[in-house]
$ cat target33.csv   # CSV, C-alpha atoms
chain,number,residue,atom,x,y,z
A,1,GLN,CA,17.9,1.5,-0.2
A,2,LYS,CA,16.0,-1.7,-0.7
A,3,GLU,CA,13.9,-1.7,-3.9
A,4,VAL,CA,11.0,-3.5,-5.5
A,5,GLU,CA,10.9,-3.1,-9.3
A,6,GLN,CA,7.9,-3.5,-11.6
A,7,ASN,CA,7.3,-2.6,-15.2
A,8,SER,CA,4.9,0.4,-15.1
A,9,GLY,CA,3.1,-0.8,-18.2
A,10,PRO,CA,0.4,-0.4,-19.3
A,11,LEU,CA,0.1,-4.1,-20.0
A,12,SER,CA,-2.7,-4.7,-22.4
A,13,VAL,CA,-4.2,-8.2,-22.9
A,14,PRO,CA,-7.4,-9.3,-24.6
A,15,GLU,CA,-10.3,-10.7,-22.6
A,16,GLY,CA,-9.8,-14.4,-21.8
A,17,ALA,CA,-6.0,-14.3,-22.2
A,18,ILE,CA,-3.4,-14.8,-19.4
A,19,ALA,CA,-2.0,-11.7,-17.9
A,20,SER,CA,1.6,-12.0,-16.5
A,21,LEU,CA,2.8,-9.4,-14.1
A,22,ASN,CA,6.4,-9.4,-12.9
A,23,CYS,CA,8.3,-8.1,-9.9
A,24,THR,CA,12.0,-8.2,-8.8
A,25,TYR,CA,13.3,-7.2,-5.4
A,26,SER,CA,16.8,-6.3,-4.2
A,27,ASP,CA,16.8,-7.6,-0.6
A,28,ARG,CA,17.8,-11.2,-0.6
A,29,GLY,CA,16.6,-11.6,3.0
A,30,SER,CA,13.0,-10.8,2.1
A,31,GLN,CA,10.6,-13.3,3.4
A,32,SER,CA,7.1,-12.6,2.3
A,33,PHE,CA,5.6,-11.4,-1.0
A,34,PHE,CA,2.3,-9.8,-1.7
A,35,TRP,CA,0.2,-8.6,-4.6
A,36,TYR,CA,-2.2,-5.8,-4.1
A,37,ARG,CA,-4.8,-4.6,-6.7
A,38,GLN,CA,-5.6,-0.9,-6.9
A,39,TYR,CA,-8.5,0.3,-9.0
A,40,SER,CA,-8.3,3.9,-10.2
A,41,GLY,CA,-9.2,6.2,-7.4
A,42,LYS,CA,-9.4,3.4,-4.8
A,43,SER,CA,-7.1,2.0,-2.1
A,44,PRO,CA,-4.9,-1.1,-2.5
A,45,GLU,CA,-6.6,-4.5,-1.9
A,46,LEU,CA,-4.6,-7.6,-1.0
A,47,ILE,CA,-5.3,-10.4,-3.5
A,48,MET,CA,-2.4,-12.8,-3.0
A,49,PHE,CA,0.5,-13.6,-0.8
A,50,ILE,CA,3.3,-16.2,-1.1
A,51,TYR,CA,6.1,-17.2,1.3
A,52,SER,CA,7.7,-20.3,-0.2
A,53,ASN,CA,9.4,-20.9,-3.6
A,54,GLY,CA,7.0,-22.3,-6.2
A,55,ASP,CA,3.5,-21.6,-7.2
A,56,LYS,CA,0.4,-20.7,-5.2
A,57,GLU,CA,-3.0,-20.8,-6.8
A,58,ASP,CA,-6.2,-19.0,-5.8
A,59,GLY,CA,-9.0,-19.1,-8.3
A,60,ARG,CA,-7.8,-17.4,-11.5
A,61,PHE,CA,-4.7,-16.0,-9.8
A,62,THR,CA,-1.4,-17.8,-9.5
A,63,ALA,CA,1.6,-16.3,-7.6
A,64,GLN,CA,5.0,-17.6,-8.5
A,65,LEU,CA,8.1,-17.1,-6.3
A,66,ASN,CA,11.8,-17.7,-7.1
A,67,LYS,CA,13.9,-16.6,-4.2
A,68,ALA,CA,17.2,-17.5,-6.0
A,69,SER,CA,16.4,-15.2,-8.8
A,70,GLN,CA,14.7,-12.6,-6.5
A,71,TYR,CA,11.6,-12.7,-8.7
A,72,VAL,CA,7.9,-12.9,-8.0
A,73,SER,CA,5.1,-12.9,-10.5
A,74,LEU,CA,1.3,-12.9,-10.7
A,75,LEU,CA,-0.6,-14.8,-13.4
A,76,ILE,CA,-4.2,-14.0,-14.1
A,77,ARG,CA,-6.0,-16.6,-16.2
A,78,ASP,CA,-9.1,-15.9,-18.2
A,79,SER,CA,-8.6,-12.2,-17.8
A,80,GLN,CA,-11.7,-10.1,-17.5
A,81,PRO,CA,-12.2,-6.3,-18.1
A,82,SER,CA,-12.9,-6.1,-14.4
A,83,ASP,CA,-9.3,-7.1,-13.8
A,84,SER,CA,-8.2,-3.8,-15.3
A,85,ALA,CA,-6.3,-2.1,-12.5
A,86,THR,CA,-2.8,-1.3,-11.2
A,87,TYR,CA,-1.1,-4.3,-9.5
A,88,LEU,CA,1.3,-3.5,-6.7
A,89,CYS,CA,4.0,-5.9,-5.7
A,90,ALA,CA,5.1,-5.6,-2.0
A,91,VAL,CA,7.9,-7.3,-0.2
A,92,TYR,CA,8.3,-7.8,3.5
A,93,GLY,CA,11.3,-8.8,5.7
A,94,GLY,CA,15.0,-8.7,5.2
A,95,SER,CA,16.9,-5.8,6.7
A,96,GLN,CA,13.8,-3.5,6.7
A,97,GLY,CA,10.9,-4.6,8.9
A,98,ASN,CA,8.4,-2.9,6.7
A,99,LEU,CA,6.4,-3.6,3.5
A,100,ILE,CA,8.3,-2.2,0.5
A,101,PHE,CA,6.1,-1.5,-2.5
A,102,GLY,CA,6.9,-1.3,-6.2
A,103,LYS,CA,5.4,1.5,-8.3
A,104,GLY,CA,2.8,-0.9,-9.8
A,105,THR,CA,2.0,-2.3,-13.2
A,106,LYS,CA,-1.1,-1.0,-14.9
A,107,LEU,CA,-3.1,-3.8,-16.5
A,108,SER,CA,-5.8,-3.2,-19.2
A,109,VAL,CA,-8.0,-6.1,-20.3
A,110,LYS,CA,-9.7,-5.3,-23.6
A,111,PRO,CA,-13.1,-6.8,-24.3
B,1,GLU,CA,-19.2,0.6,9.4
B,2,THR,CA,-16.6,-2.1,8.8
B,3,GLY,CA,-12.9,-2.2,7.8
B,4,VAL,CA,-10.8,0.9,7.8
B,5,THR,CA,-12.4,4.3,7.2
B,6,GLN,CA,-10.8,7.7,6.5
B,7,THR,CA,-12.1,11.2,6.6
B,8,PRO,CA,-12.2,13.5,4.8
B,9,ARG,CA,-12.0,11.7,1.4
B,10,HIS,CA,-10.8,14.9,-0.3
B,11,LEU,CA,-9.1,17.9,1.1
B,12,VAL,CA,-7.8,21.1,-0.4
B,13,MET,CA,-5.7,23.4,1.8
B,14,GLY,CA,-3.5,26.4,1.5
B,15,MET,CA,0.1,26.3,2.7
B,16,THR,CA,-0.7,28.3,5.8
B,17,ASN,CA,-3.6,26.1,6.9
B,18,LYS,CA,-3.8,23.5,9.6
B,19,LYS,CA,-5.9,20.4,9.0
B,20,SER,CA,-6.1,16.9,10.3
B,21,LEU,CA,-6.8,13.5,8.6
B,22,LYS,CA,-8.6,10.9,10.6
B,23,CYS,CA,-8.5,7.1,10.3
B,24,GLU,CA,-10.6,4.6,12.2
B,25,GLN,CA,-10.4,0.8,12.0
B,26,HIS,CA,-13.1,-1.5,13.1
B,27,LEU,CA,-11.1,-4.8,12.8
B,28,GLY,CA,-9.7,-5.1,16.3
B,29,HIS,CA,-6.2,-4.6,15.0
B,30,ASN,CA,-3.3,-3.4,17.1
B,31,ALA,CA,-1.2,-1.7,14.6
B,32,MET,CA,-1.9,1.3,12.3
B,33,TYR,CA,0.0,2.9,9.5
B,34,TRP,CA,0.1,6.1,7.5
B,35,TYR,CA,1.3,5.8,3.9
B,36,LYS,CA,1.8,8.5,1.2
B,37,GLN,CA,1.0,7.7,-2.5
B,38,SER,CA,2.2,10.1,-5.1
B,39,ALA,CA,1.9,9.8,-8.8
B,40,LYS,CA,4.5,7.6,-10.4
B,41,LYS,CA,6.1,6.8,-7.1
B,42,PRO,CA,5.8,3.7,-4.8
B,43,LEU,CA,3.7,3.8,-1.7
B,44,GLU,CA,5.9,5.4,1.0
B,45,LEU,CA,5.5,4.4,4.6
B,46,MET,CA,5.3,7.4,6.9
B,47,PHE,CA,4.5,6.2,10.4
B,48,VAL,CA,3.7,3.0,12.3
B,49,TYR,CA,1.9,2.8,15.5
B,50,SER,CA,1.7,-0.3,17.7
B,51,LEU,CA,-0.7,-0.3,20.6
B,52,GLU,CA,-0.8,3.5,20.4
B,53,GLU,CA,3.0,3.8,20.6
B,54,ARG,CA,4.9,5.1,17.6
B,55,VAL,CA,7.4,2.5,16.4
B,56,GLU,CA,8.5,3.9,13.1
B,57,ASN,CA,9.0,7.4,11.7
B,58,ASN,CA,10.6,7.2,8.2
B,59,SER,CA,12.3,10.6,8.2
B,60,VAL,CA,9.0,12.4,7.6
B,61,PRO,CA,9.1,16.3,7.8
B,62,SER,CA,7.8,17.7,11.0
B,63,ARG,CA,5.0,19.5,9.2
B,64,PHE,CA,3.3,16.0,9.4
B,65,SER,CA,2.4,15.1,13.0
B,66,PRO,CA,0.7,11.8,13.8
B,67,GLU,CA,-1.4,11.0,16.8
B,68,CYS,CA,-2.8,7.7,18.0
B,69,PRO,CA,-5.1,8.2,21.0
B,70,ASN,CA,-6.2,4.5,21.0
B,71,SER,CA,-5.7,1.4,19.0
B,72,SER,CA,-8.8,2.2,16.8
B,73,HIS,CA,-8.0,5.8,15.8
B,74,LEU,CA,-5.1,7.4,14.1
B,75,PHE,CA,-4.8,11.1,13.1
B,76,LEU,CA,-2.4,12.9,10.8
B,77,HIS,CA,-2.1,16.6,11.7
B,78,LEU,CA,-1.0,18.8,8.9
B,79,HIS,CA,0.5,22.3,9.0
B,80,THR,CA,2.4,24.6,6.7
B,81,LEU,CA,2.4,22.0,3.9
B,82,GLN,CA,4.0,22.4,0.5
B,83,PRO,CA,2.5,21.8,-2.9
B,84,GLU,CA,4.7,18.7,-3.3
B,85,ASP,CA,2.8,17.2,-0.3
B,86,SER,CA,-0.2,16.8,-2.5
B,87,ALA,CA,-0.9,13.1,-2.7
B,88,LEU,CA,-3.2,10.3,-1.6
B,89,TYR,CA,-2.7,9.6,2.1
B,90,LEU,CA,-3.6,6.0,3.0
B,91,CYS,CA,-4.2,4.6,6.4
B,92,ALA,CA,-3.8,0.9,7.0
B,93,SER,CA,-4.1,-1.5,9.9
B,94,SER,CA,-2.9,-5.0,10.8
B,95,ILE,CA,-3.4,-7.5,13.6
B,96,ILE,CA,0.1,-7.1,14.9
B,97,PRO,CA,2.8,-4.6,14.0
B,98,GLN,CA,4.6,-5.1,10.8
B,99,SER,CA,2.2,-7.9,10.0
B,100,ASN,CA,2.2,-9.2,6.5
B,101,GLU,CA,-1.4,-8.5,5.9
B,102,GLN,CA,-2.3,-4.9,6.0
B,103,PHE,CA,-5.8,-3.6,5.2
B,104,PHE,CA,-6.1,-0.2,3.7
B,105,GLY,CA,-8.6,2.6,4.1
B,106,PRO,CA,-10.0,4.4,1.1
B,107,GLY,CA,-7.5,7.3,1.4
B,108,THR,CA,-7.7,11.1,1.6
B,109,ARG,CA,-6.8,12.9,-1.6
B,110,LEU,CA,-4.9,16.0,-0.5
B,111,THR,CA,-4.2,19.0,-2.6
B,112,VAL,CA,-2.0,21.8,-1.3
B,113,LEU,CA,-2.4,25.1,-3.1
$ encode --input "target33.csv" --output "structure tokens"
Amino acid sequence: QKEVEQNSGPLSVPEGAIASLNCTYSDRGSQSFFWYRQYSGKSPELIMFIYSNGDKEDGRFTAQLNKASQYVSLLIRDSQPSDSATYLCAVYGGSQGNLIFGKGTKLSVKP
Amino acid sequence: ETGVTQTPRHLVMGMTNKKSLKCEQHLGHNAMYWYKQSAKKPLELMFVYSLEERVENNSVPSRFSPECPNSSHLFLHLHTLQPEDSALYLCASSIIPQSNEQFFGPGTRLTVL
């Protein structure tokens, strides 16, 4: 069974700080990596995706991928209380042709 | 409406009831998915439809029966469910099957008594 692991949290950071969310995956053949944000009582919303090793920046969000270490992370700069949500890591490709989700990390940004 | 819509948003049913969940996508996508989200568990893929044909069934019990009459509509028919089936059921769609970018509907919160 291919797995995606995330620390469930909660991760608590003060407003304006950098929030760092981490994810590891077991299928070395995985090709694409995604971060979804899910507010309480709402459905997941895609916020970032990354395919190649290195960093990808979009506004306050930076996704980092290290395929050798099977590790993907999401950095949120200048965290805002509105960033408080559960962040789901999802991995695509490899031996399973489906998106495999982690359990999510709950982030709380304190004013 | 735009995006992916789901009805009903909340459903309470007894174990002997029969009900259906509906999903509609207004994005012109060709693939649709049913996911189950339970507390403290990862999102679980249940079914995948590509151009109205089922391409994936992840060992889901037969008490869940999907139907895809066209590329814009997807149903999940429920009968003789168990309390452990209580969860958030999410519909998603993508341009092509197993596409990287899947767009989710708001979900149906199901409670089985």
$ residues_around --input "target33.csv" --residues "region 72-81 of chain A" --least-positions-apart "4" --cutoff "7 Å" --atoms "all atoms listed in the file" --output "JSON, numbers by chain"
{"A": [15, 16, 17, 18, 19, 20, 21, 22, 23, 24, 60, 61, 62, 63, 64, 65, 66, 109, 110, 111]}
$ interface_residues --input "target33.csv" --of "chain A" --to "chain B" --cutoff "7 Å" --atoms "all atoms listed in the file" --output "ChimeraX atom specification"
/A:42-44,92,97-98,101-103
$ residues_near_point --input "target33.csv" --point "(7.7, -7.6, 1.1)" --cutoff "7 Å" --atoms "all atoms listed in the file" --output "JSON list (two decimals) with C-alpha atoms, in the frame of the given file"
[["chain", "number", "residue", "atom", "x", "y", "z"],
["A", 30, "SER", "CA", 13.00, -10.80, 2.10],
["A", 31, "GLN", "CA", 10.60, -13.30, 3.40],
["A", 32, "SER", "CA", 7.10, -12.60, 2.30],
["A", 33, "PHE", "CA", 5.60, -11.40, -1.00],
["A", 34, "PHE", "CA", 2.30, -9.80, -1.70],
["A", 90, "ALA", "CA", 5.10, -5.60, -2.00],
["A", 91, "VAL", "CA", 7.90, -7.30, -0.20],
["A", 92, "TYR", "CA", 8.30, -7.80, 3.50],
["A", 93, "GLY", "CA", 11.30, -8.80, 5.70],
["A", 99, "LEU", "CA", 6.40, -3.60, 3.50],
["A", 100, "ILE", "CA", 8.30, -2.20, 0.50]]
$ atom_distance --input "target33.csv" --atom1 "CA of Gln70 (chain A)" --atom2 "CA of Glu45 (chain A)"
23.2 Å
$ atom_distance --input "target33.csv" --atom1 "CA of Ser86 (chain B)" --atom2 "CA of Trp35 (chain A)"
25.5 Å
$ atom_distance --input "target33.csv" --atom1 "CA of Tyr49 (chain B)" --atom2 "CA of Ile47 (chain A)"
24.2 Å
$ residues_around --input "target33.csv" --residues "Lys2 (chain A)" --least-positions-apart "6" --cutoff "8 Å" --atoms "all atoms listed in the file" --output "ChimeraX atom specification"
/A:25-27,96,100
$ residues_around --input "target33.csv" --residues "Asn17 (chain B)" --least-positions-apart "3" --cutoff "12 Å" --atoms "all atoms listed in the file" --output "number ranges by chain"
B: 11-14, 20, 63, 77-82, 111-113
$ closest_residue --input "target33.csv" --among "A:Pro14, A:Gly104, A:Gly29, A:Gly41" --to "Lys67 (chain A)" --atoms "all atoms listed in the file"
A:Gly29
$ decode --input "target33.csv" --residues "region 1-47 of chain B" --atoms "N, CA and C atoms" --output "CSV table (one decimal), in the first residue's frame"
chain,number,residue,atom,x,y,z
B,1,GLU,N,-24.8,28.2,-12.1
B,1,GLU,CA,-23.8,27.8,-11.1
B,1,GLU,C,-22.5,27.4,-11.8
B,2,THR,N,-21.4,27.6,-11.2
B,2,THR,CA,-20.1,27.2,-11.7
B,2,THR,C,-19.5,26.1,-10.9
B,3,GLY,N,-18.4,25.5,-11.5
B,3,GLY,CA,-17.6,24.5,-10.7
B,3,GLY,C,-18.3,23.2,-10.5
B,4,VAL,N,-18.1,22.6,-9.4
B,4,VAL,CA,-18.7,21.3,-9.0
B,4,VAL,C,-19.7,21.5,-7.9
B,5,THR,N,-20.9,21.1,-8.1
B,5,THR,CA,-22.0,21.2,-7.1
B,5,THR,C,-22.4,19.8,-6.6
B,6,GLN,N,-22.8,19.7,-5.4
B,6,GLN,CA,-23.3,18.4,-4.8
B,6,GLN,C,-24.6,18.7,-4.0
B,7,THR,N,-25.5,17.7,-4.1
B,7,THR,CA,-26.7,17.8,-3.3
B,7,THR,C,-27.0,16.4,-2.9
B,8,PRO,N,-27.6,16.2,-1.7
B,8,PRO,CA,-27.8,17.3,-0.7
B,8,PRO,C,-26.5,17.6,0.0
B,9,ARG,N,-26.4,18.7,0.7
B,9,ARG,CA,-25.2,19.0,1.5
B,9,ARG,C,-25.1,18.2,2.8
B,10,HIS,N,-26.3,17.9,3.3
B,10,HIS,CA,-26.3,17.1,4.6
B,10,HIS,C,-27.4,16.0,4.4
B,11,LEU,N,-27.1,14.8,4.9
B,11,LEU,CA,-28.1,13.7,4.8
B,11,LEU,C,-28.0,12.8,6.0
B,12,VAL,N,-29.1,12.6,6.6
B,12,VAL,CA,-29.2,11.6,7.7
B,12,VAL,C,-30.1,10.5,7.3
B,13,MET,N,-29.6,9.3,7.4
B,13,MET,CA,-30.4,8.1,7.0
B,13,MET,C,-30.3,7.0,7.9
B,14,GLY,N,-31.3,6.1,7.9
B,14,GLY,CA,-31.3,4.9,8.7
B,14,GLY,C,-30.6,3.8,7.9
B,15,MET,N,-30.3,2.7,8.5
B,15,MET,CA,-29.6,1.7,7.8
B,15,MET,C,-30.4,1.0,6.8
B,16,THR,N,-31.7,1.1,6.9
B,16,THR,CA,-32.6,0.4,5.9
B,16,THR,C,-33.0,1.3,4.8
B,17,ASN,N,-32.6,2.6,4.8
B,17,ASN,CA,-33.1,3.5,3.8
B,17,ASN,C,-32.3,3.3,2.5
B,18,LYS,N,-32.9,3.9,1.4
B,18,LYS,CA,-32.2,4.0,0.1
B,18,LYS,C,-32.1,5.5,-0.2
B,19,LYS,N,-31.0,6.0,-0.5
B,19,LYS,CA,-30.8,7.5,-0.9
B,19,LYS,C,-29.8,7.6,-2.0
B,20,SER,N,-29.8,8.8,-2.6
B,20,SER,CA,-28.8,9.0,-3.6
B,20,SER,C,-28.1,10.4,-3.4
B,21,LEU,N,-26.8,10.4,-3.7
B,21,LEU,CA,-26.1,11.6,-3.7
B,21,LEU,C,-25.9,12.1,-5.2
B,22,LYS,N,-26.0,13.4,-5.4
B,22,LYS,CA,-25.9,13.9,-6.8
B,22,LYS,C,-24.7,14.8,-6.9
B,23,CYS,N,-24.0,14.7,-8.0
B,23,CYS,CA,-22.9,15.6,-8.3
B,23,CYS,C,-23.1,16.1,-9.7
B,24,GLU,N,-22.8,17.4,-9.9
B,24,GLU,CA,-22.9,18.0,-11.3
B,24,GLU,C,-21.7,18.9,-11.4
B,25,GLN,N,-21.0,18.8,-12.6
B,25,GLN,CA,-19.9,19.7,-12.9
B,25,GLN,C,-20.1,20.5,-14.1
B,26,HIS,N,-19.8,21.8,-14.0
B,26,HIS,CA,-20.1,22.8,-15.0
B,26,HIS,C,-18.8,23.2,-15.7
B,27,LEU,N,-17.8,22.4,-15.7
B,27,LEU,CA,-16.4,22.8,-16.1
B,27,LEU,C,-16.1,22.2,-17.5
B,28,GLY,N,-16.9,21.3,-18.0
B,28,GLY,CA,-16.6,20.7,-19.3
B,28,GLY,C,-15.6,19.6,-19.2
B,29,HIS,N,-15.5,19.0,-18.0
B,29,HIS,CA,-14.5,18.0,-17.7
B,29,HIS,C,-15.0,16.6,-18.2
B,30,ASN,N,-14.1,15.7,-18.4
B,30,ASN,CA,-14.4,14.4,-18.9
B,30,ASN,C,-14.3,13.3,-17.9
B,31,ALA,N,-13.8,13.6,-16.7
B,31,ALA,CA,-13.6,12.6,-15.7
B,31,ALA,C,-14.3,13.1,-14.4
B,32,MET,N,-14.9,12.1,-13.6
B,32,MET,CA,-15.5,12.5,-12.4
B,32,MET,C,-15.2,11.4,-11.3
B,33,TYR,N,-15.1,11.8,-10.1
B,33,TYR,CA,-14.6,10.9,-9.0
B,33,TYR,C,-15.6,11.0,-7.8
B,34,TRP,N,-15.6,9.9,-7.1
B,34,TRP,CA,-16.2,9.9,-5.7
B,34,TRP,C,-15.1,9.6,-4.7
B,35,TYR,N,-15.0,10.4,-3.7
B,35,TYR,CA,-14.1,10.2,-2.6
B,35,TYR,C,-14.9,10.1,-1.3
B,36,LYS,N,-14.3,9.4,-0.3
B,36,LYS,CA,-14.9,9.4,1.0
B,36,LYS,C,-13.8,10.0,2.0
B,37,GLN,N,-14.3,10.9,2.9
B,37,GLN,CA,-13.4,11.5,3.8
B,37,GLN,C,-14.0,11.3,5.2
B,38,SER,N,-13.3,10.4,6.0
B,38,SER,CA,-13.6,10.1,7.4
B,38,SER,C,-12.7,10.8,8.3
B,39,ALA,N,-13.1,11.1,9.5
B,39,ALA,CA,-12.3,11.7,10.5
B,39,ALA,C,-11.0,11.0,10.7
B,40,LYS,N,-9.9,11.7,10.8
B,40,LYS,CA,-8.6,11.2,11.0
B,40,LYS,C,-8.1,10.1,10.1
B,41,LYS,N,-8.7,10.1,8.9
B,41,LYS,CA,-8.2,9.2,7.8
B,41,LYS,C,-8.0,10.0,6.5
B,42,PRO,N,-7.1,9.5,5.7
B,42,PRO,CA,-6.9,10.2,4.4
B,42,PRO,C,-8.1,10.1,3.5
B,43,LEU,N,-8.2,11.0,2.6
B,43,LEU,CA,-9.2,10.9,1.5
B,43,LEU,C,-9.1,9.6,0.8
B,44,GLU,N,-10.2,8.9,0.6
B,44,GLU,CA,-10.2,7.6,0.0
B,44,GLU,C,-10.9,7.7,-1.3
B,45,LEU,N,-10.2,7.3,-2.4
B,45,LEU,CA,-10.9,7.3,-3.7
B,45,LEU,C,-11.8,6.1,-3.8
B,46,MET,N,-13.0,6.3,-4.2
B,46,MET,CA,-14.0,5.2,-4.3
B,46,MET,C,-14.2,4.8,-5.8
B,47,PHE,N,-14.6,5.7,-6.6
B,47,PHE,CA,-14.9,5.4,-8.0
B,47,PHE,C,-14.3,6.5,-8.9
